[in-house]
file upload_4.csv (CSV, C-alpha atoms)
chain,number,residue,atom,x,y,z
U,1,MET,CA,20.7,1.7,31.6
U,2,SER,CA,17.6,-0.1,32.9
U,3,ARG,CA,17.6,-3.8,32.4
U,4,HIS,CA,14.7,-5.7,30.9
U,5,PRO,CA,15.5,-9.5,31.0
U,6,GLU,CA,13.0,-10.1,28.2
U,7,LEU,CA,15.0,-8.1,25.7
U,8,ALA,CA,17.5,-10.6,24.2
U,9,TRP,CA,19.9,-8.0,23.0
U,10,GLN,CA,20.8,-6.9,26.5
U,11,GLU,CA,22.2,-10.3,27.5
U,12,ARG,CA,24.0,-11.6,24.4
U,13,ASP,CA,27.5,-11.2,22.8
U,14,PHE,CA,27.0,-8.2,20.6
U,15,GLU,CA,30.0,-8.8,18.3
U,16,GLN,CA,29.1,-12.4,17.7
U,17,GLN,CA,25.5,-11.4,16.8
U,18,LEU,CA,26.7,-8.7,14.5
U,19,ALA,CA,29.0,-11.2,12.7
U,20,GLN,CA,26.0,-13.5,12.3
U,21,SER,CA,23.9,-10.6,10.9
U,22,GLN,CA,26.6,-9.7,8.4
U,23,ASP,CA,27.0,-13.3,7.3
U,24,LEU,CA,23.2,-13.5,6.7
U,25,LEU,CA,23.4,-10.2,4.7
U,26,ASP,CA,26.2,-11.6,2.6
U,27,LYS,CA,24.0,-14.6,1.7
U,28,ASN,CA,21.0,-12.3,0.8
U,29,ASP,CA,22.9,-9.3,-0.4
U,30,GLY,CA,21.0,-6.7,-2.4
U,31,VAL,CA,17.5,-8.0,-1.7
U,32,ILE,CA,16.9,-7.3,2.0
U,33,LEU,CA,19.1,-4.2,2.4
U,34,THR,CA,19.4,-1.6,-0.4
U,35,GLN,CA,22.5,-0.2,1.3
U,36,ARG,CA,24.6,-1.1,4.4
U,37,PHE,CA,25.7,1.5,6.9
U,38,THR,CA,29.4,1.5,7.7
U,39,GLY,CA,31.9,3.2,10.1
U,40,GLN,CA,29.7,3.2,13.2
U,41,ASP,CA,31.4,3.6,16.5
U,42,LEU,CA,30.5,0.4,18.5
U,43,SER,CA,31.2,2.1,21.8
U,44,ALA,CA,28.2,4.3,21.1
U,45,CYS,CA,26.0,1.3,21.6
U,46,SER,CA,26.8,1.1,25.3
U,47,ASP,CA,24.0,3.2,26.8
U,48,GLY,CA,20.2,3.2,26.6
U,49,VAL,CA,17.4,0.6,26.5
U,50,LEU,CA,18.4,-0.3,22.9
U,51,SER,CA,22.0,-0.8,23.8
U,52,LYS,CA,23.4,-3.5,21.4
U,53,ALA,CA,20.1,-3.9,19.6
U,54,ILE,CA,20.6,-4.3,15.9
U,55,VAL,CA,18.2,-2.2,13.9
U,56,THR,CA,17.4,-1.9,10.2
U,57,ILE,CA,15.9,1.3,8.8
U,58,LYS,CA,13.3,1.4,6.0
U,59,ASP,CA,14.6,3.3,3.0
U,60,LEU,CA,12.1,6.2,3.7
U,61,PHE,CA,14.1,7.5,6.6
U,62,ASP,CA,17.0,9.9,6.4
U,63,VAL,CA,20.2,8.5,7.9
U,64,GLN,CA,23.1,10.9,8.0
U,65,GLY,CA,25.6,10.3,5.2
U,66,TYR,CA,23.3,8.1,3.1
U,67,VAL,CA,20.9,8.8,0.3
U,68,THR,CA,17.2,8.1,1.0
U,69,ARG,CA,15.8,6.4,-2.1
U,70,ALA,CA,12.4,5.1,-1.0
U,71,GLY,CA,12.9,2.0,-3.0
U,72,SER,CA,13.3,4.0,-6.2
U,73,VAL,CA,16.0,4.8,-8.8
U,74,PHE,CA,14.9,8.3,-9.5
U,75,LEU,CA,16.1,9.4,-6.1
U,76,LYS,CA,19.4,7.4,-6.1
U,77,ASP,CA,21.6,10.4,-7.2
U,78,ASN,CA,20.2,12.8,-4.6
U,79,GLU,CA,22.6,14.3,-2.0
U,80,PRO,CA,23.1,12.2,1.2
U,81,ALA,CA,21.1,13.1,4.2
U,82,LYS,CA,22.7,15.8,6.3
U,83,GLU,CA,21.1,14.6,9.5
U,84,ASP,CA,19.1,11.6,10.9
U,85,ALA,CA,15.4,11.5,10.7
U,86,GLU,CA,13.9,12.1,14.2
U,87,ALA,CA,13.0,8.5,14.6
U,88,VAL,CA,16.5,7.4,13.6
U,89,ARG,CA,18.1,9.9,15.9
U,90,ARG,CA,16.1,8.5,18.9
U,91,LEU,CA,17.0,5.0,18.1
U,92,ARG,CA,20.7,5.9,17.8
U,93,GLU,CA,20.7,7.9,21.0
U,94,ALA,CA,19.1,4.9,22.8
U,95,GLY,CA,22.1,2.8,21.9
U,96,ALA,CA,20.9,1.0,18.7
U,97,TYR,CA,23.4,-0.3,16.1
U,98,LEU,CA,22.0,0.7,12.7
U,99,LEU,CA,22.7,-2.0,10.1
U,100,GLY,CA,21.3,-0.5,6.9
U,101,HIS,CA,18.4,0.7,4.7
U,102,THR,CA,15.9,-2.0,4.0
U,103,ASN,CA,14.3,-2.8,0.7
U,104,MET,CA,10.6,-1.8,0.2
U,105,THR,CA,7.9,-1.3,-2.3
U,106,GLU,CA,8.8,1.8,-4.3
U,107,LEU,CA,7.4,4.9,-2.4
U,108,ALA,CA,5.8,2.5,0.0
U,109,TYR,CA,2.8,2.3,-2.4
U,110,SER,CA,1.7,-1.3,-2.1
U,111,GLY,CA,1.0,-4.0,0.5
U,112,LEU,CA,2.9,-6.7,-1.4
U,113,GLY,CA,6.5,-5.6,-1.0
U,114,MET,CA,7.5,-6.2,-4.6
U,115,ASN,CA,10.3,-4.0,-6.1
U,116,PRO,CA,11.5,-4.2,-9.8
U,117,HIS,CA,14.6,-2.1,-9.1
U,118,TYR,CA,16.2,-3.9,-6.1
U,119,GLY,CA,14.5,-7.2,-6.1
U,120,THR,CA,11.7,-8.6,-4.0
U,121,PRO,CA,12.3,-10.1,-0.5
U,122,GLN,CA,10.6,-13.4,0.1
U,123,SER,CA,8.9,-14.7,3.2
U,124,PRO,CA,11.3,-17.0,5.2
U,125,LEU,CA,8.2,-19.1,6.1
U,126,TYR,CA,7.0,-19.6,2.5
U,127,PRO,CA,9.8,-19.9,-0.1
U,128,GLY,CA,8.9,-18.4,-3.4
U,129,CYS,CA,6.2,-16.2,-1.8
U,130,ILE,CA,6.3,-12.5,-1.1
U,131,ALA,CA,7.2,-11.1,2.3
U,132,GLY,CA,4.4,-8.5,2.1
U,133,GLY,CA,4.9,-4.7,2.2
U,134,SER,CA,5.7,-2.2,2.0
U,135,THR,CA,8.2,-2.8,4.8
U,136,SER,CA,9.3,-6.0,3.2
U,137,GLY,CA,13.0,-6.0,3.8
U,138,GLY,CA,12.5,-4.9,7.4
U,139,ALA,CA,10.2,-7.8,8.2
U,140,VAL,CA,12.6,-10.3,6.6
U,141,SER,CA,15.6,-8.8,8.5
U,142,VAL,CA,13.8,-9.5,11.8
U,143,ALA,CA,12.4,-12.9,10.8
U,144,LEU,CA,15.8,-14.2,9.7
U,145,GLY,CA,17.5,-13.0,12.9
U,146,MET,CA,19.8,-10.4,11.3
U,147,ALA,CA,18.0,-7.5,13.1
U,148,ASP,CA,16.2,-7.2,16.4
U,149,ILE,CA,14.0,-4.3,15.3
U,150,ALA,CA,13.0,-2.9,11.9
U,151,LEU,CA,12.0,0.7,11.7
U,152,GLY,CA,9.2,1.2,9.2
U,153,SER,CA,6.1,3.1,8.2
U,154,ASP,CA,2.4,2.0,8.0
U,155,THR,CA,0.0,3.8,5.7
U,156,GLY,CA,-2.4,1.0,5.1
U,157,GLY,CA,-0.7,-2.0,6.8
U,158,SER,CA,2.9,-1.7,5.8
U,159,LEU,CA,4.2,-2.8,9.2
U,160,ARG,CA,1.5,-5.4,10.0
U,161,ILE,CA,1.1,-7.2,6.6
U,162,PRO,CA,4.8,-8.2,6.3
U,163,ALA,CA,4.8,-9.1,10.0
U,164,ALA,CA,2.0,-11.5,9.4
U,165,PHE,CA,3.6,-13.0,6.3
U,166,CYS,CA,7.0,-13.4,8.0
U,167,GLY,CA,5.8,-14.7,11.4
U,168,VAL,CA,6.9,-11.7,13.5
U,169,THR,CA,5.2,-8.8,15.3
U,170,GLY,CA,4.3,-5.5,13.8
U,171,PHE,CA,3.1,-2.4,15.7
U,172,LYS,CA,1.4,0.6,14.1
U,173,PRO,CA,1.2,3.2,16.9
U,174,SER,CA,-1.1,6.1,17.1
U,175,GLN,CA,0.1,8.5,14.4
U,176,GLN,CA,0.9,11.4,16.6
U,177,SER,CA,3.0,9.4,19.1
U,178,VAL,CA,6.1,9.1,16.8
U,179,SER,CA,7.5,11.9,14.7
U,180,SER,CA,7.7,11.5,10.9
U,181,LYS,CA,10.2,14.3,10.5
U,182,GLY,CA,12.9,13.2,8.1
U,183,ALA,CA,10.8,10.5,6.5
U,184,LEU,CA,9.5,10.6,3.0
U,185,PRO,CA,5.6,10.4,3.1
U,186,LEU,CA,3.1,8.4,1.2
U,187,SER,CA,0.0,9.9,2.8
U,188,THR,CA,0.6,12.5,5.5
U,189,THR,CA,-3.0,11.8,6.6
U,190,LEU,CA,-2.5,8.1,7.1
U,191,ASP,CA,1.2,7.5,7.7
U,192,SER,CA,2.4,6.1,11.0
U,193,ILE,CA,5.9,5.3,12.1
U,194,GLY,CA,6.6,2.1,14.1
U,195,PRO,CA,8.5,-1.1,14.6
U,196,ILE,CA,8.6,-4.7,13.5
U,197,ALA,CA,10.2,-7.1,16.0
U,198,LYS,CA,10.1,-10.7,17.3
U,199,SER,CA,7.8,-9.9,20.3
U,200,VAL,CA,5.4,-7.4,21.8
U,201,ALA,CA,8.1,-6.5,24.4
U,202,ASP,CA,10.6,-5.7,21.7
U,203,CYS,CA,8.1,-3.6,19.8
U,204,GLU,CA,7.2,-1.8,23.1
U,205,ALA,CA,10.8,-1.1,23.8
U,206,ALA,CA,11.3,0.4,20.4
U,207,TRP,CA,8.1,2.4,20.6
U,208,GLN,CA,8.9,3.8,24.0
U,209,VAL,CA,12.2,5.1,22.5
U,210,LEU,CA,10.5,6.5,19.4
U,211,SER,CA,7.7,8.2,21.3
U,212,GLY,CA,9.6,9.3,24.4
U,213,THR,CA,7.3,7.2,26.6
U,214,GLU,CA,9.0,6.0,29.8
U,215,GLN,CA,6.5,3.8,31.7
U,216,LYS,CA,6.8,0.1,31.0
U,217,VAL,CA,3.6,-1.7,30.1
U,218,ALA,CA,2.6,-4.7,32.2
U,219,ALA,CA,0.6,-7.5,30.5
U,220,ALA,CA,-3.1,-7.2,31.0
U,221,HIS,CA,-4.9,-9.8,33.1
U,222,GLN,CA,-8.2,-9.5,31.2
U,223,ALA,CA,-9.3,-8.4,27.8
U,224,HIS,CA,-12.5,-7.6,25.9
U,225,PHE,CA,-12.4,-8.0,22.1
U,226,VAL,CA,-15.0,-7.5,19.4
U,227,VAL,CA,-14.8,-9.6,16.2
U,228,PRO,CA,-16.8,-7.5,13.7
U,229,THR,CA,-18.9,-10.0,11.8
U,230,ASN,CA,-19.7,-7.5,9.0
U,231,PHE,CA,-16.1,-6.7,8.1
U,232,GLY,CA,-12.8,-8.4,7.3
U,233,LEU,CA,-14.0,-12.1,7.5
U,234,ASP,CA,-15.0,-12.8,3.9
U,235,ASN,CA,-12.8,-14.1,1.1
U,236,LEU,CA,-10.4,-15.7,3.6
U,237,ASP,CA,-8.0,-18.4,2.6
U,238,ALA,CA,-9.1,-21.6,4.2
U,239,ALA,CA,-5.9,-21.8,6.3
U,240,VAL,CA,-6.5,-18.2,7.5
U,241,ALA,CA,-10.1,-18.8,8.4
U,242,GLU,CA,-9.2,-22.0,10.3
U,243,GLY,CA,-6.3,-20.4,12.0
U,244,PHE,CA,-8.2,-17.4,13.1
U,245,ARG,CA,-11.1,-19.5,14.4
U,246,ALA,CA,-8.5,-21.6,16.3
U,247,ALA,CA,-7.0,-18.5,17.8
U,248,ILE,CA,-10.5,-17.3,18.9
U,249,GLU,CA,-11.2,-20.6,20.6
U,250,LYS,CA,-7.9,-20.6,22.3
U,251,LEU,CA,-8.5,-17.1,23.6
U,252,ARG,CA,-12.0,-18.0,24.7
U,253,GLN,CA,-10.5,-20.7,26.9
U,254,THR,CA,-8.2,-18.2,28.5
U,255,PRO,CA,-9.4,-16.8,31.9
U,256,GLY,CA,-10.1,-13.1,31.7
U,257,VAL,CA,-10.9,-13.0,28.0
U,258,VAL,CA,-14.3,-11.9,26.6
U,259,ILE,CA,-14.9,-12.1,22.9
U,260,GLU,CA,-18.0,-10.7,21.2
U,261,GLU,CA,-18.8,-11.6,17.6
U,262,ARG,CA,-21.3,-9.0,16.3
U,263,PRO,CA,-21.8,-6.4,13.6
U,264,VAL,CA,-20.1,-3.0,14.2
U,265,ASN,CA,-22.4,-0.5,12.7
U,266,PHE,CA,-20.0,2.3,11.6
U,267,LEU,CA,-18.1,-0.2,9.4
U,268,GLU,CA,-21.0,-0.2,6.9
U,269,ALA,CA,-20.2,3.5,6.3
U,270,TYR,CA,-16.5,2.7,6.2
U,271,LYS,CA,-17.0,0.4,3.3
U,272,ALA,CA,-18.2,3.2,1.2
U,273,LEU,CA,-15.1,5.4,1.8
U,274,PRO,CA,-12.8,5.8,-1.3
U,275,VAL,CA,-9.7,4.9,0.7
U,276,TRP,CA,-7.5,4.9,-2.3
U,277,GLN,CA,-7.7,8.7,-2.6
U,278,PHE,CA,-5.5,9.4,0.4
U,279,SER,CA,-2.3,7.9,-0.9
U,280,ALA,CA,-2.9,8.7,-4.6
U,281,PHE,CA,-3.7,12.4,-4.0
U,282,GLU,CA,-1.1,13.1,-1.3
U,283,ALA,CA,1.8,11.1,-2.8
U,284,ARG,CA,1.3,12.6,-6.2
U,285,GLU,CA,1.2,16.1,-4.9
U,286,PHE,CA,4.3,15.6,-2.7
U,287,TYR,CA,6.5,13.9,-5.3
U,288,GLN,CA,5.4,16.2,-8.0
U,289,ARG,CA,6.1,19.3,-5.9
U,290,THR,CA,9.3,18.1,-4.2
U,291,PHE,CA,11.0,16.1,-7.0
U,292,ALA,CA,9.1,16.9,-10.2
U,293,VAL,CA,8.9,13.1,-10.6
U,294,ASP,CA,8.7,11.6,-14.0
U,295,LEU,CA,6.2,8.7,-13.7
U,296,ALA,CA,8.0,6.8,-16.5
U,297,GLN,CA,10.9,6.3,-14.0
U,298,LEU,CA,8.7,4.5,-11.5
U,299,ASP,CA,7.5,0.9,-11.2
U,300,PRO,CA,4.6,0.9,-13.6
U,301,ARG,CA,2.3,-0.5,-11.0
U,302,VAL,CA,3.1,2.4,-8.6
U,303,ALA,CA,2.9,5.0,-11.4
U,304,SER,CA,-0.6,3.7,-12.4
U,305,ARG,CA,-1.9,4.3,-8.9
U,306,LEU,CA,-0.4,7.8,-8.7
U,307,ARG,CA,-2.2,8.6,-12.0
U,308,ARG,CA,-5.5,8.0,-10.3
U,309,ALA,CA,-5.0,11.3,-8.6
U,310,ASP,CA,-5.6,12.9,-12.0
U,311,THR,CA,-9.3,12.1,-11.5
U,312,LEU,CA,-9.5,14.0,-8.2
U,313,ASP,CA,-9.7,17.6,-7.3
U,314,GLU,CA,-9.1,19.3,-4.0
U,315,GLN,CA,-12.8,19.7,-3.2
U,316,ALA,CA,-13.5,16.0,-3.8
U,317,PHE,CA,-10.6,15.0,-1.6
U,318,ALA,CA,-11.6,17.4,1.1
U,319,GLN,CA,-15.0,15.7,1.2
U,320,THR,CA,-13.4,12.3,1.6
U,321,CYS,CA,-11.3,13.7,4.6
U,322,LEU,CA,-14.5,14.9,6.2
U,323,GLN,CA,-16.1,11.5,5.8
U,324,ARG,CA,-13.0,10.0,7.4
U,325,GLN,CA,-13.3,12.3,10.4
U,326,GLY,CA,-16.9,11.3,10.9
U,327,LEU,CA,-15.8,7.6,11.0
U,328,ILE,CA,-13.1,8.4,13.6
U,329,GLU,CA,-15.7,10.1,15.8
U,330,ARG,CA,-18.2,7.3,15.4
U,331,TYR,CA,-15.5,4.7,16.4
U,332,GLN,CA,-14.6,6.6,19.5
U,333,GLN,CA,-18.2,7.3,20.5
U,334,GLU,CA,-19.9,4.0,19.5
U,335,GLU,CA,-17.1,1.5,20.4
U,336,SER,CA,-15.3,3.4,23.2
U,337,GLY,CA,-12.7,1.2,24.9
U,338,VAL,CA,-13.4,-1.7,22.5
U,339,GLN,CA,-10.5,-3.5,20.8
U,340,LEU,CA,-11.3,-5.0,17.4
U,341,LEU,CA,-10.0,-8.5,16.7
U,342,LEU,CA,-9.4,-9.7,13.1
U,343,PRO,CA,-7.1,-11.7,10.9
U,344,THR,CA,-4.3,-9.3,9.9
U,345,VAL,CA,-4.4,-10.5,6.3
U,346,ALA,CA,-7.1,-12.4,4.5
U,347,ILE,CA,-4.7,-14.7,2.7
U,348,LEU,CA,-1.4,-16.6,3.1
U,349,PRO,CA,1.6,-15.0,1.3
U,350,PRO,CA,1.0,-15.4,-2.4
U,351,LYS,CA,3.6,-16.8,-4.7
U,352,LEU,CA,5.6,-14.4,-6.8
U,353,ALA,CA,4.5,-16.4,-9.9
U,354,ASP,CA,0.9,-15.6,-9.1
U,355,LEU,CA,1.5,-11.8,-9.3
U,356,THR,CA,2.8,-11.5,-12.9
U,357,LYS,CA,-0.5,-10.2,-14.3
U,358,ASP,CA,-1.5,-6.7,-13.4
U,359,GLU,CA,-5.1,-7.7,-12.7
U,360,ASP,CA,-4.0,-10.4,-10.2
U,361,TYR,CA,-1.6,-8.0,-8.6
U,362,ASP,CA,-4.3,-5.3,-8.1
U,363,ARG,CA,-6.8,-7.8,-6.7
U,364,ILE,CA,-4.4,-9.4,-4.3
U,365,ASN,CA,-3.0,-6.1,-3.2
U,366,LEU,CA,-6.4,-4.8,-2.3
U,367,LEU,CA,-7.2,-8.0,-0.4
U,368,CYS,CA,-4.0,-7.8,1.6
U,369,LEU,CA,-4.6,-4.2,2.6
U,370,ARG,CA,-8.3,-4.6,3.4
U,371,ASN,CA,-8.2,-5.4,7.1
U,372,THR,CA,-5.1,-3.4,8.0
U,373,THR,CA,-6.1,-0.1,6.4
U,374,LEU,CA,-9.0,0.2,8.7
U,375,ALA,CA,-6.7,1.3,11.6
U,376,ASN,CA,-5.1,4.0,9.5
U,377,VAL,CA,-8.4,5.4,8.4
U,378,LEU,CA,-9.8,5.3,12.0
U,379,ASP,CA,-6.6,7.1,13.3
U,380,ALA,CA,-6.2,4.0,15.6
U,381,CYS,CA,-3.3,2.0,16.9
U,382,SER,CA,-3.0,-1.7,15.9
U,383,VAL,CA,-0.7,-4.7,16.3
U,384,SER,CA,-0.3,-7.9,14.4
U,385,LEU,CA,0.8,-11.0,16.4
U,386,PRO,CA,2.0,-14.2,14.8
U,387,PHE,CA,0.0,-17.4,15.2
U,388,GLU,CA,0.7,-20.9,13.9
U,389,HIS,CA,-2.0,-23.4,13.3
U,390,GLN,CA,-1.6,-26.7,11.5
U,391,GLU,CA,1.8,-25.6,10.0
U,392,HIS,CA,0.4,-22.4,8.6
U,393,HIS,CA,1.3,-19.0,9.9
U,394,ILE,CA,-1.2,-16.1,10.1
U,395,GLY,CA,-1.4,-12.7,11.8
U,396,VAL,CA,-3.9,-12.0,14.6
U,397,MET,CA,-4.6,-8.3,14.7
U,398,LEU,CA,-5.7,-6.1,17.6
U,399,THR,CA,-6.9,-2.6,17.0
U,400,GLY,CA,-7.7,0.1,19.6
U,401,THR,CA,-8.7,3.8,19.4
U,402,ASN,CA,-6.2,6.6,19.0
U,403,GLY,CA,-4.1,7.1,22.1
U,404,SER,CA,-4.8,3.7,23.6
U,405,ASP,CA,-1.3,2.4,22.7
U,406,GLU,CA,-0.4,1.3,26.2
U,407,ALA,CA,-3.7,-0.5,26.7
U,408,LEU,CA,-3.3,-2.2,23.3
U,409,LEU,CA,0.3,-3.3,24.1
U,410,ALA,CA,-0.9,-4.7,27.5
U,411,ALA,CA,-3.6,-6.7,25.8
U,412,ALA,CA,-1.2,-7.8,23.1
U,413,LYS,CA,1.2,-9.2,25.7
U,414,PHE,CA,-1.7,-11.1,27.2
U,415,VAL,CA,-2.8,-12.5,23.8
U,416,GLU,CA,0.7,-13.3,22.8
U,417,LYS,CA,1.1,-15.5,25.9
U,418,ALA,CA,-2.3,-17.1,25.4
U,419,LEU,CA,-1.6,-18.0,21.8
U,420,ALA,CA,1.9,-19.3,22.4

call {"tool": "encode", "arguments": {"input": "upload_4.csv", "output": "structure tokens"}}
result
Amino acid sequence: MSRHPELAWQERDFEQQLAQSQDLLDKNDGVILTQRFTGQDLSACSDGVLSKAIVTIKDLFDVQGYVTRAGSVFLKDNEPAKEDAEAVRRLREAGAYLLGHTNMTELAYSGLGMNPHYGTPQSPLYPGCIAGGSTSGGAVSVALGMADIALGSDTGGSLRIPAAFCGVTGFKPSQQSVSSKGALPLSTTLDSIGPIAKSVADCEAAWQVLSGTEQKVAAAHQAHFVVPTNFGLDNLDAAVAEGFRAAIEKLRQTPGVVIEERPVNFLEAYKALPVWQFSAFEAREFYQRTFAVDLAQLDPRVASRLRRADTLDEQAFAQTCLQRQGLIERYQQEESGVQLLLPTVAILPPKLADLTKDEDYDRINLLCLRNTTLANVLDACSVSLPFEHQEHHIGVMLTGTNGSDEALLAAAKFVEKALA
């Protein structure tokens, strides 16, 4: 096994950490994990770059011997998975210890992380506030220190939003770099599989295992970012606006960093794209065909968004997919090599009490998803880094074109150090 001194799990007492993780689970039982994994052979954790790393698995991924429920009750009586999802298999073979399935928004269909069936994980940084979603339990498991890595999915920000709300790092890789075999989809067009962890180095280690990439990424010594002045900067909470401005100024003072603040032309066309169609159309088709789902069994807020697919036909959706492809091409042509810099989420974690009305839920959900969804639509890679300013915690998000994952991680290591 190659040694990476920055990976904490390689140098600590594994059994002591596992006992601490189990103790934390006992105190938060049933909210962070929907089911624990038992009977693992600890000796199997002896080899690989993830040896002795404790990993939680979003309840979208098949784990041999366990039912994959996707945060729902209508799937809870299904047969246990006969084999691991591809991503889970790779983690296990790299020596990871799998702790359990993490709680999530039902079917991964929201950026808020609320779940009426299994409870709603809360942000460890903001008591009484949501953790963000849909990979809510995964982000909390890392933030509380019960897991080193959380495996999750990201259709419109589901790795990066909870990372921002919980003060950890979330990495959405280029979609094709990590297999989704054995994972329940929300939108096959937009879904990406990736990690949440404490640092960029931890996310990199997980992604290298998940993608089969071997070359370790060195931190960049210079970086060029564009802050798009015509997207993602309106309707910010004051604390987010001030924190993001402080992050920009800190980066500007870092030798080797160039930051442009200017309009990005293709984003005007992006604003006109009916992004909601991807998840509504593809999730409705999949769950109807595969499980003949009864919408009455779902979280009413998830069911209402699935019903929007009733207003679409295949021709209209195909046209939306063509528009998306045009935007991908424009990003790659007009902003080649450019990494976009934005706040991950426009707001601080909202209180659970502020989400009781459907109209508030819908408005806040769209605002949380606004900045992050851009990377999914553009078929890009993107990472959210934690940043604290005046006792508030925000996410600073870097986004690069498809296939530039290693360059993005190198820049993220550089920014992570500059913002520390």

call {"tool": "residues_around", "arguments": {"input": "upload_4.csv", "residues": "segment 34-46 of chain U", "least_positions_apart": "5", "cutoff": "6 Å", "atoms": "only C-alpha atoms", "output": "PDB file with C-alpha atoms, in the coordinates of the input"}}
result
ATOM      1  CA  SER U  51      22.000  -0.800  23.800  1.00  0.00           C
ATOM      2  CA  LYS U  52      23.400  -3.500  21.400  1.00  0.00           C
ATOM      3  CA  GLY U  95      22.100   2.800  21.900  1.00  0.00           C
ATOM      4  CA  ALA U  96      20.900   1.000  18.700  1.00  0.00           C
ATOM      5  CA  LEU U  99      22.700  -2.000  10.100  1.00  0.00           C
ATOM      6  CA  GLY U 100      21.300  -0.500   6.900  1.00  0.00           C
ATOM      7  CA  HIS U 101      18.400   0.700   4.700  1.00  0.00           C
ATOM      8  CA  THR U 102      15.900  -2.000   4.000  1.00  0.00           C
ATOM      9  CA  ASN U 103      14.300  -2.800   0.700  1.00  0.00           C
TER      10      ASN U 103
END

call {"tool": "closest_residue", "arguments": {"input": "upload_4.csv", "among": "U:Asp13, U:Asp379, U:Glu406, U:Glu93", "to": "Gln332 of chain U", "atoms": "only C-alpha atoms"}}
result
U:Asp379

call {"tool": "residues_around", "arguments": {"input": "upload_4.csv", "residues": "segment 139-149 of chain U", "least_positions_apart": "6", "cutoff": "6 Å", "atoms": "only C-alpha atoms", "output": "number ranges by chain"}}
result
U: 21, 54-55, 162-163, 196-197

call {"tool": "write_last_selection", "arguments": {"input": "upload_4.csv", "atoms": "C-alpha atoms", "output": "PDB file, in the frame of the given file"}}
result
ATOM      1  CA  SER U  21      23.900 -10.600  10.900  1.00  0.00           C
ATOM      2  CA  ILE U  54      20.600  -4.300  15.900  1.00  0.00           C
ATOM      3  CA  VAL U  55      18.200  -2.200  13.900  1.00  0.00           C
ATOM      4  CA  PRO U 162       4.800  -8.200   6.300  1.00  0.00           C
ATOM      5  CA  ALA U 163       4.800  -9.100  10.000  1.00  0.00           C
ATOM      6  CA  ILE U 196       8.600  -4.700  13.500  1.00  0.00           C
ATOM      7  CA  ALA U 197      10.200  -7.100  16.000  1.00  0.00           C
TER       8      ALA U 197
END

call {"tool": "residues_around", "arguments": {"input": "upload_4.csv", "residues": "Ser158 of chain U", "least_positions_apart": "3", "cutoff": "9 Å", "atoms": "all atoms listed in the file", "output": "PyMOL selection string"}}
result
chain U and resi 108+110-113+132-136+152-155+161-163+170+172+369+372

call {"tool": "closest_residue", "arguments": {"input": "upload_4.csv", "among": "U:Phe414, U:Phe244, U:Phe387, U:Tyr109", "to": "Val168 of chain U", "atoms": "all atoms listed in the file"}}
result
U:Phe387

call {"tool": "residues_around", "arguments": {"input": "upload_4.csv", "residues": "segment 222-234 of chain U", "least_positions_apart": "3", "cutoff": "8 Å", "atoms": "only C-alpha atoms", "output": "PyMOL selection string"}}
result
chain U and resi 241+255-264+267-268+338-343+346+370-371+411+414

call {"tool": "atom_distance", "arguments": {"input": "upload_4.csv", "atom1": "atom CA of Ser384 of chain U", "atom2": "atom CA of Leu33 of chain U"}}
result
23.1 Å
